[in-house]
file query.csv (CSV, C-alpha atoms)
chain,number,residue,atom,x,y,z
A,1,GLY,CA,0.0,0.0,0.0
A,2,GLN,CA,0.9,3.6,0.0
A,3,SER,CA,1.2,6.1,2.9
A,4,LEU,CA,2.3,9.8,3.0
A,5,GLU,CA,3.2,12.0,5.9
A,6,GLN,CA,3.1,15.8,5.9
A,7,PRO,CA,2.8,18.4,8.7
A,8,SER,CA,-0.7,19.2,9.7
A,9,GLU,CA,-0.2,23.0,10.0
A,10,VAL,CA,2.3,25.7,9.0
A,11,THR,CA,2.1,29.4,9.7
A,12,ALA,CA,4.1,32.1,7.9
A,13,VAL,CA,3.9,35.8,7.2
A,14,GLU,CA,3.2,37.6,4.0
A,15,GLY,CA,6.3,37.9,1.8
A,16,ALA,CA,8.1,35.0,3.5
A,17,ILE,CA,9.1,31.6,2.1
A,18,VAL,CA,7.6,28.4,3.4
A,19,GLN,CA,8.5,24.8,2.7
A,20,ILE,CA,5.9,21.9,3.1
A,21,ASN,CA,7.5,18.5,3.4
A,22,CYS,CA,6.1,15.2,2.4
A,23,THR,CA,7.6,11.7,3.0
A,24,TYR,CA,6.0,8.7,1.3
A,25,GLN,CA,6.1,4.9,1.4
A,26,THR,CA,5.0,3.1,-1.8
A,27,SER,CA,5.4,-0.3,-3.3
A,28,GLY,CA,6.2,1.4,-6.6
A,29,PHE,CA,6.7,5.0,-7.6
A,30,TYR,CA,5.2,7.0,-10.4
A,31,GLY,CA,5.7,10.5,-9.3
A,32,LEU,CA,4.8,13.0,-6.5
A,33,SER,CA,2.1,15.6,-7.0
A,34,TRP,CA,0.9,18.6,-5.1
A,35,TYR,CA,-2.6,20.0,-4.9
A,36,GLN,CA,-3.9,23.2,-3.3
A,37,GLN,CA,-7.4,23.4,-1.8
A,38,HIS,CA,-9.0,26.6,-0.4
A,39,ASP,CA,-11.7,26.2,2.3
A,40,GLY,CA,-14.9,25.1,0.7
A,41,GLY,CA,-13.2,24.7,-2.7
A,42,ALA,CA,-12.0,21.8,-4.8
A,43,PRO,CA,-8.4,20.7,-5.0
A,44,THR,CA,-6.4,22.2,-7.9
A,45,PHE,CA,-3.3,20.7,-9.3
A,46,LEU,CA,0.0,22.6,-8.7
A,47,SER,CA,2.9,20.4,-9.7
A,48,TYR,CA,4.2,17.0,-10.4
A,49,ASN,CA,7.7,15.5,-10.0
A,50,ALA,CA,8.6,12.2,-11.6
A,51,LEU,CA,12.4,12.7,-11.5
A,52,ASP,CA,14.7,14.0,-8.8
A,53,GLY,CA,15.3,17.7,-8.6
A,54,LEU,CA,13.4,20.9,-8.5
A,55,GLU,CA,10.5,22.0,-10.7
A,56,GLU,CA,9.7,25.7,-10.7
A,57,THR,CA,6.4,27.2,-11.6
A,58,GLY,CA,6.3,30.9,-10.8
A,59,ARG,CA,6.3,31.4,-7.0
A,60,PHE,CA,5.8,27.7,-6.4
A,61,SER,CA,8.5,25.1,-6.7
A,62,SER,CA,8.5,21.4,-6.0
A,63,PHE,CA,11.4,19.1,-5.1
A,64,LEU,CA,11.8,15.3,-5.2
A,65,SER,CA,14.4,12.9,-3.9
A,66,ARG,CA,13.4,9.4,-4.8
A,67,SER,CA,16.3,7.9,-2.8
A,68,ASP,CA,15.0,9.5,0.4
A,69,SER,CA,11.2,9.0,-0.5
A,70,TYR,CA,10.9,12.7,0.2
A,71,GLY,CA,9.6,15.8,-1.5
A,72,TYR,CA,8.6,19.3,-0.7
A,73,LEU,CA,6.6,22.2,-1.9
A,74,LEU,CA,8.3,25.6,-1.7
A,75,LEU,CA,6.1,28.7,-1.7
A,76,GLN,CA,7.9,32.1,-2.2
A,77,GLU,CA,6.7,35.7,-1.7
A,78,LEU,CA,3.8,34.4,0.3
A,79,GLN,CA,0.5,36.2,-0.3
A,80,MET,CA,-2.7,36.1,1.8
A,81,LYS,CA,-4.4,34.2,-1.0
A,82,ASP,CA,-1.9,31.3,-0.5
A,83,SER,CA,-3.7,30.4,2.8
A,84,ALA,CA,-5.1,27.0,2.0
A,85,SER,CA,-4.5,23.3,2.5
A,86,TYR,CA,-1.8,21.6,0.5
A,87,PHE,CA,-1.9,17.9,-0.3
A,88,CYS,CA,0.9,15.7,-1.6
A,89,ALA,CA,-0.1,12.6,-3.6
A,90,VAL,CA,1.5,9.6,-5.1
A,91,ARG,CA,0.1,7.4,-7.8
A,92,ASP,CA,-0.7,3.8,-6.8
A,93,ALA,CA,1.7,1.2,-8.0
A,94,GLY,CA,1.6,-2.1,-9.9
A,95,ASP,CA,0.8,-4.5,-7.1
A,96,THR,CA,-2.9,-3.6,-7.3
A,97,GLY,CA,-2.9,-2.7,-10.9
A,98,ARG,CA,-4.7,0.5,-9.9
A,99,ARG,CA,-3.7,3.8,-11.5
A,100,ALA,CA,-5.2,6.2,-9.0
A,101,LEU,CA,-3.8,8.7,-6.5
A,102,THR,CA,-3.3,8.3,-2.8
A,103,PHE,CA,-3.4,11.7,-1.0
A,104,GLY,CA,-1.6,12.8,2.2
A,105,SER,CA,-3.7,14.2,5.1
A,106,GLY,CA,-2.9,17.8,4.0
A,107,THR,CA,-1.0,20.7,5.4
A,108,ARG,CA,-3.0,23.8,6.4
A,109,LEU,CA,-1.0,26.9,5.6
A,110,GLN,CA,-2.0,30.1,7.4
A,111,VAL,CA,-0.4,33.3,6.0
A,112,GLN,CA,-0.5,36.2,8.4
A,113,PRO,CA,-0.2,39.9,7.6
B,1,GLU,CA,-9.5,25.2,-18.3
B,2,ALA,CA,-11.1,22.3,-16.5
B,3,ASP,CA,-14.7,21.7,-17.3
B,4,ILE,CA,-16.1,19.2,-14.8
B,5,TYR,CA,-19.5,19.7,-13.2
B,6,GLN,CA,-21.2,18.3,-10.2
B,7,THR,CA,-24.8,18.5,-9.1
B,8,PRO,CA,-26.3,19.2,-6.7
B,9,ARG,CA,-23.8,21.4,-4.9
B,10,TYR,CA,-25.6,20.9,-1.6
B,11,LEU,CA,-28.0,18.2,-0.5
B,12,VAL,CA,-29.8,17.6,2.8
B,13,ILE,CA,-31.7,14.4,2.9
B,14,GLY,CA,-33.3,12.0,5.4
B,15,THR,CA,-32.0,8.6,6.4
B,16,GLY,CA,-32.9,5.7,4.1
B,17,LYS,CA,-33.4,7.8,0.9
B,18,LYS,CA,-31.8,6.8,-2.4
B,19,ILE,CA,-29.7,9.6,-4.0
B,20,THR,CA,-27.6,10.1,-7.1
B,21,LEU,CA,-24.8,12.6,-7.3
B,22,GLU,CA,-24.1,13.7,-10.8
B,23,CYS,CA,-20.7,14.3,-12.4
B,24,SER,CA,-20.0,15.3,-16.0
B,25,GLN,CA,-16.9,16.5,-17.8
B,26,THR,CA,-16.5,18.0,-21.2
B,27,MET,CA,-12.8,17.3,-21.7
B,28,GLY,CA,-13.1,13.8,-23.1
B,29,HIS,CA,-11.1,12.3,-20.3
B,30,ASP,CA,-11.2,8.5,-20.0
B,31,LYS,CA,-10.3,8.3,-16.3
B,32,MET,CA,-12.7,9.5,-13.7
B,33,TYR,CA,-12.8,9.3,-9.9
B,34,TRP,CA,-15.0,9.8,-6.9
B,35,TYR,CA,-13.5,10.9,-3.6
B,36,GLN,CA,-15.0,11.5,-0.2
B,37,GLN,CA,-13.6,14.2,2.0
B,38,ASP,CA,-14.5,15.4,5.5
B,39,PRO,CA,-13.7,19.0,6.3
B,40,GLY,CA,-10.0,19.6,6.8
B,41,MET,CA,-9.2,15.9,6.1
B,42,GLU,CA,-7.6,13.9,3.4
B,43,LEU,CA,-9.3,12.7,0.2
B,44,HIS,CA,-10.4,9.0,0.2
B,45,LEU,CA,-10.9,7.3,-3.2
B,46,ILE,CA,-14.3,5.5,-3.3
B,47,HIS,CA,-14.7,4.6,-7.0
B,48,TYR,CA,-12.8,5.0,-10.2
B,49,SER,CA,-13.2,4.3,-13.9
B,50,TYR,CA,-10.7,3.8,-16.7
B,51,GLY,CA,-13.4,4.3,-19.4
B,52,VAL,CA,-16.8,3.3,-20.6
B,53,ASN,CA,-18.2,0.2,-18.8
B,54,SER,CA,-15.2,0.1,-16.5
B,55,THR,CA,-15.6,0.8,-12.8
B,56,GLU,CA,-13.7,-0.3,-9.7
B,57,LYS,CA,-14.0,0.2,-6.0
B,58,GLY,CA,-11.5,2.3,-4.2
B,59,ASP,CA,-10.2,2.3,-0.6
B,60,LEU,CA,-13.3,3.4,1.2
B,61,SER,CA,-16.3,1.2,1.6
B,62,SER,CA,-18.9,3.8,1.1
B,63,GLU,CA,-21.8,1.5,0.3
B,64,SER,CA,-22.3,3.4,-3.0
B,65,THR,CA,-22.3,2.3,-6.6
B,66,VAL,CA,-21.2,4.0,-9.8
B,67,SER,CA,-21.8,3.6,-13.5
B,68,ARG,CA,-20.0,4.7,-16.7
B,69,ILE,CA,-22.2,4.4,-19.7
B,70,ARG,CA,-20.9,7.5,-21.4
B,71,THR,CA,-17.4,8.9,-21.3
B,72,GLU,CA,-18.5,12.2,-20.0
B,73,HIS,CA,-20.8,11.0,-17.2
B,74,PHE,CA,-19.9,9.2,-14.0
B,75,PRO,CA,-22.8,9.3,-11.5
B,76,LEU,CA,-22.6,8.0,-7.9
B,77,THR,CA,-25.6,6.4,-6.2
B,78,LEU,CA,-26.3,5.8,-2.5
B,79,GLU,CA,-29.1,3.2,-2.3
B,80,SER,CA,-29.9,4.0,1.3
B,81,ALA,CA,-28.4,7.2,2.8
B,82,ARG,CA,-27.2,7.1,6.4
B,83,PRO,CA,-25.9,9.9,8.7
B,84,SER,CA,-22.4,8.4,8.4
B,85,HIS,CA,-22.5,9.3,4.7
B,86,THR,CA,-22.5,13.0,5.6
B,87,SER,CA,-19.4,14.4,3.8
B,88,GLN,CA,-18.2,16.2,0.7
B,89,TYR,CA,-18.1,14.1,-2.4
B,90,LEU,CA,-15.6,15.2,-5.1
B,91,CYS,CA,-15.5,14.0,-8.7
B,92,ALA,CA,-12.3,14.2,-10.7
B,93,SER,CA,-11.0,13.2,-14.1
B,94,SER,CA,-7.6,12.8,-15.8
B,95,ASP,CA,-6.1,12.2,-19.2
B,96,PRO,CA,-2.8,10.2,-19.0
B,97,VAL,CA,-2.2,10.8,-22.7
B,98,LYS,CA,-2.3,14.7,-22.6
B,99,SER,CA,-0.8,15.0,-19.1
B,100,SER,CA,-0.6,12.1,-16.6
B,101,TYR,CA,-2.6,10.2,-14.1
B,102,ASN,CA,-1.0,12.6,-11.6
B,103,GLU,CA,-2.8,15.6,-12.9
B,104,GLN,CA,-6.5,15.4,-11.9
B,105,PHE,CA,-9.2,18.0,-12.5
B,106,PHE,CA,-11.7,18.3,-9.8
B,107,GLY,CA,-15.3,19.3,-9.8
B,108,PRO,CA,-16.7,21.8,-7.2
B,109,GLY,CA,-18.0,19.0,-5.0
B,110,THR,CA,-21.4,18.0,-3.5
B,111,ARG,CA,-21.8,18.6,0.2
B,112,LEU,CA,-24.1,15.9,1.5
B,113,THR,CA,-25.9,16.0,4.8
B,114,VAL,CA,-28.0,13.0,5.9
B,115,LEU,CA,-30.3,13.6,8.8
call {"tool": "encode", "arguments": {"input": "query.csv", "output": "structure tokens"}}
result
Amino acid sequence: GQSLEQPSEVTAVEGAIVQINCTYQTSGFYGLSWYQQHDGGAPTFLSYNALDGLEETGRFSSFLSRSDSYGYLLLQELQMKDSASYFCAVRDAGDTGRRALTFGSGTRLQVQP
Amino acid sequence: EADIYQTPRYLVIGTGKKITLECSQTMGHDKMYWYQQDPGMELHLIHYSYGVNSTEKGDLSSESTVSRIRTEHFPLTLESARPSHTSQYLCASSDPVKSSYNEQFFGPGTRLTVL
């Protein structure tokens, strides 16, 4: 099976940089994804890492180390609108034949003025 | 832009009623999913489909059923609603050819309350 761990809450101030970590255990690995979800809203896709290294998309970057089963989401120049929950997710592997995502429990980011 | 729709957005219903939650997407995606999510909690996969006439159960035993008769439509049915079914239900789709299984597009969700 798959399992993911991420911190439950993170607080930061506007303009700062914050890193949300995610460690995972999977029987196979097909990439680590990140999703953002505002209160009352639907999750939206942010990024996907299949290979080691850093992927940058504007103010958001995502990093993956497959040897450490670890990744993180980096948010720079924080804005109030970044207050949301952030979920990491891995794709299920071949032992079940299932090609679906398993999500972590989410990290609630609170951006303060 | 993602075009995936869910109706109703909110539903309050009594115990024992049969309900169907609708999900439609106009992106032509083969892969569709249903998740259950309690407020502030993780998403649990309850059903998924790889294409027409293909449906599978996920991790959570939600006592629901799904059907996939058309590519764009993936309804979820609860035969007999119970208070334990109170939750948010999220529908999603993906296209591994254009992007990957990892990029899923979510509908706005149906918030279900069973009294």
call {"tool": "interface_residues", "arguments": {"input": "query.csv", "of": "chain B", "to": "chain A", "cutoff": "10 Å", "atoms": "all atoms listed in the file", "output": "PyMOL selection string"}}
result
chain B and resi 2+31-33+39-45+47-50+56+58-59+88+90-92+94+96+100-109+111
call {"tool": "atom_distance", "arguments": {"input": "query.csv", "atom1": "atom CA of A:Gln36", "atom2": "atom CA of A:Asp68"}}
result
23.6 Å
call {"tool": "atom_distance", "arguments": {"input": "query.csv", "atom1": "atom CA of A:Leu54", "atom2": "atom CA of A:Ser69"}}
result
14.5 Å
call {"tool": "residues_around", "arguments": {"input": "query.csv", "residues": "B:Thr65", "least_positions_apart": "5", "cutoff": "10 Å", "atoms": "all atoms listed in the file", "output": "compact mmCIF listing (two decimals) with C-alpha atoms, keeping the file's coordinate frame"}}
result
# COMPACT_ATOMS: atom_id res chain seq x y z
CA THR B 20 -27.60 10.10 -7.10
CA ILE B 46 -14.30 5.50 -3.30
CA HIS B 47 -14.70 4.60 -7.00
CA THR B 55 -15.60 0.80 -12.80
CA GLU B 56 -13.70 -0.30 -9.70
CA LYS B 57 -14.00 0.20 -6.00
CA PRO B 75 -22.80 9.30 -11.50
CA LEU B 76 -22.60 8.00 -7.90
CA THR B 77 -25.60 6.40 -6.20
CA LEU B 78 -26.30 5.80 -2.50
CA GLU B 79 -29.10 3.20 -2.30
call {"tool": "residues_around", "arguments": {"input": "query.csv", "residues": "A:Ser61", "least_positions_apart": "3", "cutoff": "10 Å", "atoms": "all atoms listed in the file", "output": "list in words"}}
result
Gln19, Leu46, Ser47, Tyr48, Leu54, Glu55, Glu56, Thr57, Gly58, Tyr72, Leu73, Leu74, Leu75 and Gln76 of chain A
call {"tool": "atom_distance", "arguments": {"input": "query.csv", "atom1": "atom CA of B:Pro8", "atom2": "atom CA of A:Asp82"}}
result
27.9 Å
call {"tool": "residues_near_point", "arguments": {"input": "query.csv", "point": "(-29.1, 16.2, 4.1)", "cutoff": "12 Å", "atoms": "only C-alpha atoms", "output": "VMD selection string"}}
result
chain B and resid 8 to 19 81 to 88 110 to 115
call {"tool": "closest_residue", "arguments": {"input": "query.csv", "among": "A:Thr23, A:Glu77, A:Phe63, A:Thr11", "to": "A:Val111", "atoms": "all atoms listed in the file"}}
result
A:Thr11
call {"tool": "closest_residue", "arguments": {"input": "query.csv", "among": "A:Tyr70, A:Ser65, A:Ala12, A:Thr26", "to": "A:Ser83", "atoms": "only C-alpha atoms"}}
result
A:Ala12
call {"tool": "closest_residue", "arguments": {"input": "query.csv", "among": "A:Leu51, A:Gln2, A:Ala84, A:Val13", "to": "A:Ser27", "atoms": "all atoms listed in the file"}}
result
A:Gln2
call {"tool": "residues_around", "arguments": {"input": "query.csv", "residues": "B:Val52", "least_positions_apart": "6", "cutoff": "12 Å", "atoms": "all atoms listed in the file", "output": "CSV table (one decimal) with C-alpha atoms, keeping the file's coordinate frame"}}
result
chain,number,residue,atom,x,y,z
B,28,GLY,CA,-13.1,13.8,-23.1
B,29,HIS,CA,-11.1,12.3,-20.3
B,30,ASP,CA,-11.2,8.5,-20.0
B,31,LYS,CA,-10.3,8.3,-16.3
B,32,MET,CA,-12.7,9.5,-13.7
B,66,VAL,CA,-21.2,4.0,-9.8
B,67,SER,CA,-21.8,3.6,-13.5
B,68,ARG,CA,-20.0,4.7,-16.7
B,69,ILE,CA,-22.2,4.4,-19.7
B,70,ARG,CA,-20.9,7.5,-21.4
B,71,THR,CA,-17.4,8.9,-21.3
B,72,GLU,CA,-18.5,12.2,-20.0
B,73,HIS,CA,-20.8,11.0,-17.2
B,74,PHE,CA,-19.9,9.2,-14.0
call {"tool": "closest_residue", "arguments": {"input": "query.csv", "among": "B:Ser64, B:Gln37, B:Asn53, B:Thr7", "to": "B:Gln25", "atoms": "all atoms listed in the file"}}
result
B:Thr7
call {"tool": "residues_around", "arguments": {"input": "query.csv", "residues": "A:Lys81", "least_positions_apart": "6", "cutoff": "10 Å", "atoms": "only C-alpha atoms", "output": "JSON, numbers by chain"}}
result
{"A": [14, 38, 110, 111]}
